[in-house]
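What follows is a single structure, written as structure tokens, with notes after it.
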Amino acid sequence: MPDDYNPATIADVRRLRDTLDQQGKKLVFTNGCFDLLHAGHVRYLEQARALGDAMVVALNSDQSVRQLKGPDRPLNPEHDRAEVMSALRAVDAVVVFDDERATSLIEAIKPHVYAKGGDYTVESLNREERNALEAAGTQISILPLVPGRSTTRTINKMQAGDAGAKNSGLLRIAVLGSGAGSNLRAIIAAIADHKLKAEIAIALTDQAESGFREIARAAGVPALFVDGGDNPRRLSDAAQKEIFEHLERARIDVVVLAGFMRILKEPVISAYAGRIVNVHPSLLPKYKGANAPQLAIDEGELETGCTVHLVTAEIDGGRILGQAKVPVNIGDTAEKLHARIKVEEHKLLPQVLNEWRERGLPVRGAGAP
């Protein structure tokens, strides 16, 4: 019966840690969702337990999993996940937590060793958790993954048939944005008007409070926040990894950058090569980078416009998929010009996406990485 099992409390785990410390022994700490247990988890946990004398697993609650992975997760409720984890020989205690991150638990428990799977590096750990670990003097140990074993891979394999039957022909897209969200709104409108045969599986933003996120929520699109880090133009290693995981879980065909102000790198760039598009406010290859409308004015251009292009490691340097021209008027400011460019962006971007398969561009599982 469910009521027969109760996870440990923070106080229980802290007492275990202090008892071990008095005996000159070590408490190992790890955390995760552990939604669908597989051999990779079991082997990882065995290796983690070998780093010390007892191990506690901090398990994300159902609320926490939804915040991290979207509304379709978890597959199994927190009480069931905790009971299964506690039955493993490598696990001495399980504690459930509601926050997205385990920071407060780390601060309260002060484990001797922190273990994480090899898809992380020390640099790609969440910065709040890493700061808490360093402050507690905790040893950080990154353990190797078991190749070919992951919850996302298993779920995608299980869902592939049903998803293909239900959404045959629909391009499954993710939209990333940082600002007002006007291009997201245009994509949503084009889908509603049957001008774009696609579905928005997920919207990701590096701005917790933004027009982009509100538009997604109003349309019923899962809208998740990713902490990009301190640099407003670059994503931290942890954020790059988190975005990649969201895209994989959502089984994305095409990634659309719509006013996303940070630079994507690995592992997304390689994994989604040929399947990431950006809309840029100039007629590329002219005026790459930021402030393109102002640069066009400063150079005395008579016309500029917008470009939809594939994203590569070279900024604004990928293959051009479509362009639309906009005149530069006497007395234009960058703001006025950009507003007129956006009108064309809102038509061009959905058009290019609607023609994606006709152009022979790759989708997930069909010539895509």
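Starting from 1 in every chain, residues are counted up; chains themselves are A, B, ... following the order of the structure tokens, and ligands are numbered from 1 as listed.
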
Report as JSON lines the residues of range 79-125 of chain A within 7 Å of range 29-36 of chain A, each with its shortest atom pair and distance in Å (one decimal), using only C-alpha atoms, ordered by chain and increasing residue number.
{"residue": "A:Arg81", "atom": "CA", "partner": "A:Asp35", "partner_atom": "CA", "distance": 6.6}
{"residue": "A:Pro111", "atom": "CA", "partner": "A:Phe29", "partner_atom": "CA", "distance": 6.0}
{"residue": "A:Val113", "atom": "CA", "partner": "A:Phe29", "partner_atom": "CA", "distance": 6.1}
{"residue": "A:Tyr114", "atom": "CA", "partner": "A:Phe29", "partner_atom": "CA", "distance": 4.9}
{"residue": "A:Ala115", "atom": "CA", "partner": "A:Thr30", "partner_atom": "CA", "distance": 5.2}
{"residue": "A:Lys116", "atom": "CA", "partner": "A:Thr30", "partner_atom": "CA", "distance": 6.4}

Those residues you just picked out, can you put them in a file as a PDB file, in the first residue's frame with C-alpha atoms?
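File produced: out12.pdb:
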ATOM      1  CA  ARG A  81       9.314   6.806  -7.836  1.00  0.00           C
ATOM      2  CA  PRO A 111      27.027  15.979   1.847  1.00  0.00           C
ATOM      3  CA  VAL A 113      30.370  13.703  -1.992  1.00  0.00           C
ATOM      4  CA  TYR A 114      28.087  14.825  -4.823  1.00  0.00           C
ATOM      5  CA  ALA A 115      27.667  12.480  -7.797  1.00  0.00           C
ATOM      6  CA  LYS A 116      26.298  13.324 -11.240  1.00  0.00           C
TER       7      LYS A 116
END

Item to check | Near-Asn60 in chain A list (9 Å; only C-alpha atoms; drop same-chain fewer than 2 positions) as a ChimeraX atom specification | outcome: /A:31-34,58,62-65,78,95-102

Please produce a file of the residues just selected, as a CSV table (one decimal), in the first residue's frame, where the atoms kept are all heavy atoms.
chain,number,residue,atom,x,y,z
A,31,ASN,N,21.0,13.7,-7.2
A,31,ASN,CA,19.6,14.1,-7.3
A,31,ASN,C,19.1,13.9,-8.8
A,31,ASN,O,19.9,13.8,-9.7
A,31,ASN,CB,19.4,15.6,-6.9
A,31,ASN,CG,20.2,16.5,-7.8
A,31,ASN,OD1,21.5,16.5,-7.8
A,31,ASN,ND2,19.6,17.3,-8.6
A,32,GLY,N,17.8,13.8,-8.9
A,32,GLY,CA,17.3,13.6,-10.3
A,32,GLY,C,15.8,13.3,-10.2
A,32,GLY,O,15.2,13.2,-9.1
A,33,CYS,N,15.2,13.1,-11.4
A,33,CYS,CA,13.8,12.8,-11.5
A,33,CYS,C,13.5,11.3,-11.4
A,33,CYS,O,12.5,10.9,-10.9
A,33,CYS,CB,13.2,13.3,-12.8
A,33,CYS,SG,13.4,15.1,-13.0
A,34,PHE,N,14.4,10.5,-12.0
A,34,PHE,CA,14.3,9.0,-12.0
A,34,PHE,C,12.9,8.6,-12.3
A,34,PHE,O,12.3,7.9,-11.5
A,34,PHE,CB,14.8,8.5,-10.6
A,34,PHE,CG,16.3,8.8,-10.4
A,34,PHE,CD1,16.6,9.8,-9.5
A,34,PHE,CD2,17.3,8.1,-11.0
A,34,PHE,CE1,18.0,10.1,-9.3
A,34,PHE,CE2,18.6,8.3,-10.8
A,34,PHE,CZ,19.0,9.4,-9.9
A,58,ALA,N,18.1,12.6,-3.7
A,58,ALA,CA,17.1,13.6,-3.7
A,58,ALA,C,16.3,13.6,-4.9
A,58,ALA,O,16.8,13.7,-6.1
A,58,ALA,CB,17.8,15.0,-3.6
A,62,ASP,N,6.7,15.7,-8.2
A,62,ASP,CA,5.9,15.8,-9.4
A,62,ASP,C,5.9,17.3,-9.9
A,62,ASP,O,6.0,17.6,-11.1
A,62,ASP,CB,4.5,15.3,-9.2
A,62,ASP,CG,4.4,13.8,-9.0
A,62,ASP,OD1,5.5,13.2,-9.2
A,62,ASP,OD2,3.4,13.3,-8.6
A,63,GLN,N,5.6,18.2,-9.0
A,63,GLN,CA,5.6,19.6,-9.3
A,63,GLN,C,6.9,20.1,-9.9
A,63,GLN,O,7.0,20.8,-10.9
A,63,GLN,CB,5.3,20.5,-8.1
A,63,GLN,CG,5.5,22.0,-8.2
A,63,GLN,CD,5.3,22.7,-6.9
A,63,GLN,OE1,4.4,22.4,-6.2
A,63,GLN,NE2,6.3,23.5,-6.6
A,64,SER,N,8.0,19.6,-9.3
A,64,SER,CA,9.4,20.0,-9.7
A,64,SER,C,9.7,19.4,-11.1
A,64,SER,O,10.2,20.1,-12.0
A,64,SER,CB,10.4,19.5,-8.7
A,64,SER,OG,11.7,19.8,-9.1
A,65,VAL,N,9.3,18.2,-11.4
A,65,VAL,CA,9.5,17.6,-12.7
A,65,VAL,C,8.8,18.3,-13.8
A,65,VAL,O,9.3,18.6,-14.8
A,65,VAL,CB,9.1,16.1,-12.7
A,65,VAL,CG1,9.2,15.5,-14.0
A,65,VAL,CG2,9.9,15.3,-11.7
A,78,GLU,N,5.5,10.8,-7.7
A,78,GLU,CA,6.6,10.9,-6.9
A,78,GLU,C,6.7,9.8,-5.8
A,78,GLU,O,7.8,9.3,-5.5
A,78,GLU,CB,6.7,12.3,-6.2
A,78,GLU,CG,5.5,12.6,-5.3
A,78,GLU,CD,5.5,14.1,-4.9
A,78,GLU,OE1,5.4,14.9,-5.7
A,78,GLU,OE2,5.5,14.3,-3.6
A,95,VAL,N,14.9,11.4,-0.3
A,95,VAL,CA,14.2,12.6,0.1
A,95,VAL,C,13.6,13.3,-1.1
A,95,VAL,O,14.2,13.4,-2.1
A,95,VAL,CB,15.1,13.5,0.9
A,95,VAL,CG1,16.3,14.0,0.1
A,95,VAL,CG2,14.4,14.7,1.5
A,96,VAL,N,12.3,13.7,-1.0
A,96,VAL,CA,11.6,14.3,-2.1
A,96,VAL,C,11.7,15.9,-1.9
A,96,VAL,O,11.5,16.3,-0.8
A,96,VAL,CB,10.2,13.8,-2.2
A,96,VAL,CG1,9.4,14.6,-3.3
A,96,VAL,CG2,10.1,12.3,-2.4
A,97,PHE,N,11.9,16.6,-3.0
A,97,PHE,CA,11.9,18.1,-2.9
A,97,PHE,C,11.2,18.7,-4.0
A,97,PHE,O,11.1,18.2,-5.1
A,97,PHE,CB,13.4,18.6,-2.8
A,97,PHE,CG,14.2,18.4,-4.1
A,97,PHE,CD1,14.4,19.4,-5.0
A,97,PHE,CD2,14.7,17.1,-4.4
A,97,PHE,CE1,15.1,19.3,-6.2
A,97,PHE,CE2,15.4,17.0,-5.6
A,97,PHE,CZ,15.6,18.0,-6.5
A,98,ASP,N,10.6,19.9,-3.7
A,98,ASP,CA,9.7,20.6,-4.6
A,98,ASP,C,10.4,21.6,-5.5
A,98,ASP,O,9.8,22.0,-6.5
A,98,ASP,CB,8.6,21.3,-3.8
A,98,ASP,CG,7.5,20.4,-3.4
A,98,ASP,OD1,7.2,19.4,-4.1
A,98,ASP,OD2,6.9,20.6,-2.3
A,99,ASP,N,11.5,22.1,-5.1
A,99,ASP,CA,12.2,23.1,-5.9
A,99,ASP,C,12.7,22.5,-7.2
A,99,ASP,O,12.9,21.3,-7.4
A,99,ASP,CB,13.4,23.7,-5.2
A,99,ASP,CG,12.9,24.4,-3.9
A,99,ASP,OD1,11.8,24.9,-3.9
A,99,ASP,OD2,13.7,24.5,-3.0
A,100,GLU,N,13.0,23.4,-8.2
A,100,GLU,CA,13.6,23.0,-9.5
A,100,GLU,C,15.0,22.4,-9.2
A,100,GLU,O,15.4,21.5,-9.9
A,100,GLU,CB,13.6,24.1,-10.5
A,100,GLU,CG,12.2,24.4,-11.1
A,100,GLU,CD,12.3,25.4,-12.2
A,100,GLU,OE1,13.3,25.3,-13.0
A,100,GLU,OE2,11.5,26.4,-12.3
A,101,ARG,N,15.7,23.1,-8.3
A,101,ARG,CA,17.1,22.7,-8.0
A,101,ARG,C,17.2,22.2,-6.6
A,101,ARG,O,16.4,22.5,-5.7
A,101,ARG,CB,18.0,23.9,-8.2
A,101,ARG,CG,17.8,24.6,-9.6
A,101,ARG,CD,18.2,23.7,-10.7
A,101,ARG,NE,17.9,24.4,-12.0
A,101,ARG,CZ,18.0,23.7,-13.2
A,101,ARG,NH1,18.3,22.4,-13.2
A,101,ARG,NH2,17.7,24.4,-14.3
A,102,ALA,N,18.3,21.4,-6.4
A,102,ALA,CA,18.5,20.8,-5.1
A,102,ALA,C,19.3,21.7,-4.2
A,102,ALA,O,19.9,21.3,-3.2
A,102,ALA,CB,19.2,19.5,-5.3

Next on the checklist: One decimal, in Å: what's the spacing between CA of Ala39 in chain A and CA of Gln139 in chain A?
Outcome noted: 25.2 Å

Next on the checklist: I'd like to know which of A:Gly24, A:Gly305, A:Ile320, A:Val311 is closest to Arg340 in chain A, using only C-alpha atoms.
Outcome noted: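 So, comparing all the options, the nearest one is A:Gly305.
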
Checklist entry - What residues in range 64-135 of chain A get the DSSP label strand (DSSP E)? Please answer as a list in words. => result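 Of range 64-135 of chain A, only Ala93, Val94, Val95, Val96, Phe97, Val113, Tyr114, Ala115, Lys116 and Gly117 of chain A fall in strand (DSSP E).
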
Resulting file, chosen residues, N, CA, C and O atoms, as a compact mmCIF listing (two decimals), in the first residue's frame:
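Saved to selection11.txt:
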# COMPACT_ATOMS: atom_id res chain seq x y z
N ALA A 93 18.72 6.21 1.51
CA ALA A 93 17.60 7.08 1.86
C ALA A 93 17.17 7.86 0.64
O ALA A 93 17.98 8.14 -0.26
N VAL A 94 15.88 8.20 0.58
CA VAL A 94 15.33 9.03 -0.49
C VAL A 94 14.60 10.19 0.14
O VAL A 94 13.79 10.01 1.07
N VAL A 95 14.88 11.39 -0.34
CA VAL A 95 14.18 12.58 0.12
C VAL A 95 13.59 13.27 -1.10
O VAL A 95 14.23 13.39 -2.13
N VAL A 96 12.33 13.71 -1.00
CA VAL A 96 11.63 14.35 -2.11
C VAL A 96 11.66 15.86 -1.90
O VAL A 96 11.45 16.35 -0.79
N PHE A 97 11.91 16.61 -3.00
CA PHE A 97 11.95 18.07 -2.88
C PHE A 97 11.16 18.73 -4.00
O PHE A 97 11.06 18.21 -5.11
N VAL A 113 30.11 13.95 -0.57
CA VAL A 113 30.37 13.70 -1.99
C VAL A 113 29.08 13.96 -2.77
O VAL A 113 27.99 13.55 -2.34
N TYR A 114 29.22 14.62 -3.92
CA TYR A 114 28.09 14.82 -4.82
C TYR A 114 28.39 14.10 -6.13
O TYR A 114 29.44 14.30 -6.74
N ALA A 115 27.48 13.24 -6.57
CA ALA A 115 27.67 12.48 -7.80
C ALA A 115 26.68 12.93 -8.86
O ALA A 115 25.52 13.23 -8.56
N LYS A 116 27.16 12.97 -10.11
CA LYS A 116 26.30 13.32 -11.24
C LYS A 116 26.75 12.52 -12.45
O LYS A 116 27.91 12.15 -12.57
N GLY A 117 25.81 12.29 -13.38
CA GLY A 117 26.10 11.47 -14.55
C GLY A 117 27.02 12.16 -15.54
O GLY A 117 27.14 13.38 -15.56

Item to check | Distance query Ala189 in chain A at most 12 Å, only C-alpha atoms, self and fewer than 3 positions along chain excluded, as a list in words | outcome: Ser182, Asn183, Leu184, Arg185, Ala186, Ala192, Asp193, His194, Lys195, Leu196, Lys197, Ala198, Glu199, Ile200, Ile215, Ala216, Ala219, His346, Lys347, Leu349 and Pro350 of chain A

Next on the checklist: Report as a PyMOL selection string all protein, DNA and RNA residues lying within 7 Å of Phe225 in chain A, evaluated on only C-alpha atoms, omitting residues in the same chain fewer than 2 positions from it.
Outcome noted: chain A and resi 204-208+223+227

Checklist entry - Nearest to Glu345 in chain A among A:Val279, A:Ala290, A:Tyr272, A:Val328, with distances taken over only C-alpha atoms: which residue is it? => result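 Closest to Glu345 in chain A, using only C-alpha atoms: A:Val279.
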
Checklist entry - Nearest to Gly274 in chain A: which of A:Glu314, A:Arg249, A:Leu361, A:Ala296 is it, counting only C-alpha atoms? => result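 Closest to Gly274 in chain A of all the choices is A:Leu361.
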
Next on the checklist: Give me, as a list in words, all polymer residues having an atom no more than 7 Å from range 175-180 of chain A, counting only C-alpha atoms and skipping those fewer than 3 positions away in the same chain.
Outcome noted: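 Residues meeting the cut-off are Ile202, Ala203, Leu204, Thr205, Asp206, Gln207, Ser210, Gly211, Phe212, Val255, Val256, Leu257, Ala258, Gly259, Phe260 and Met261 of chain A.
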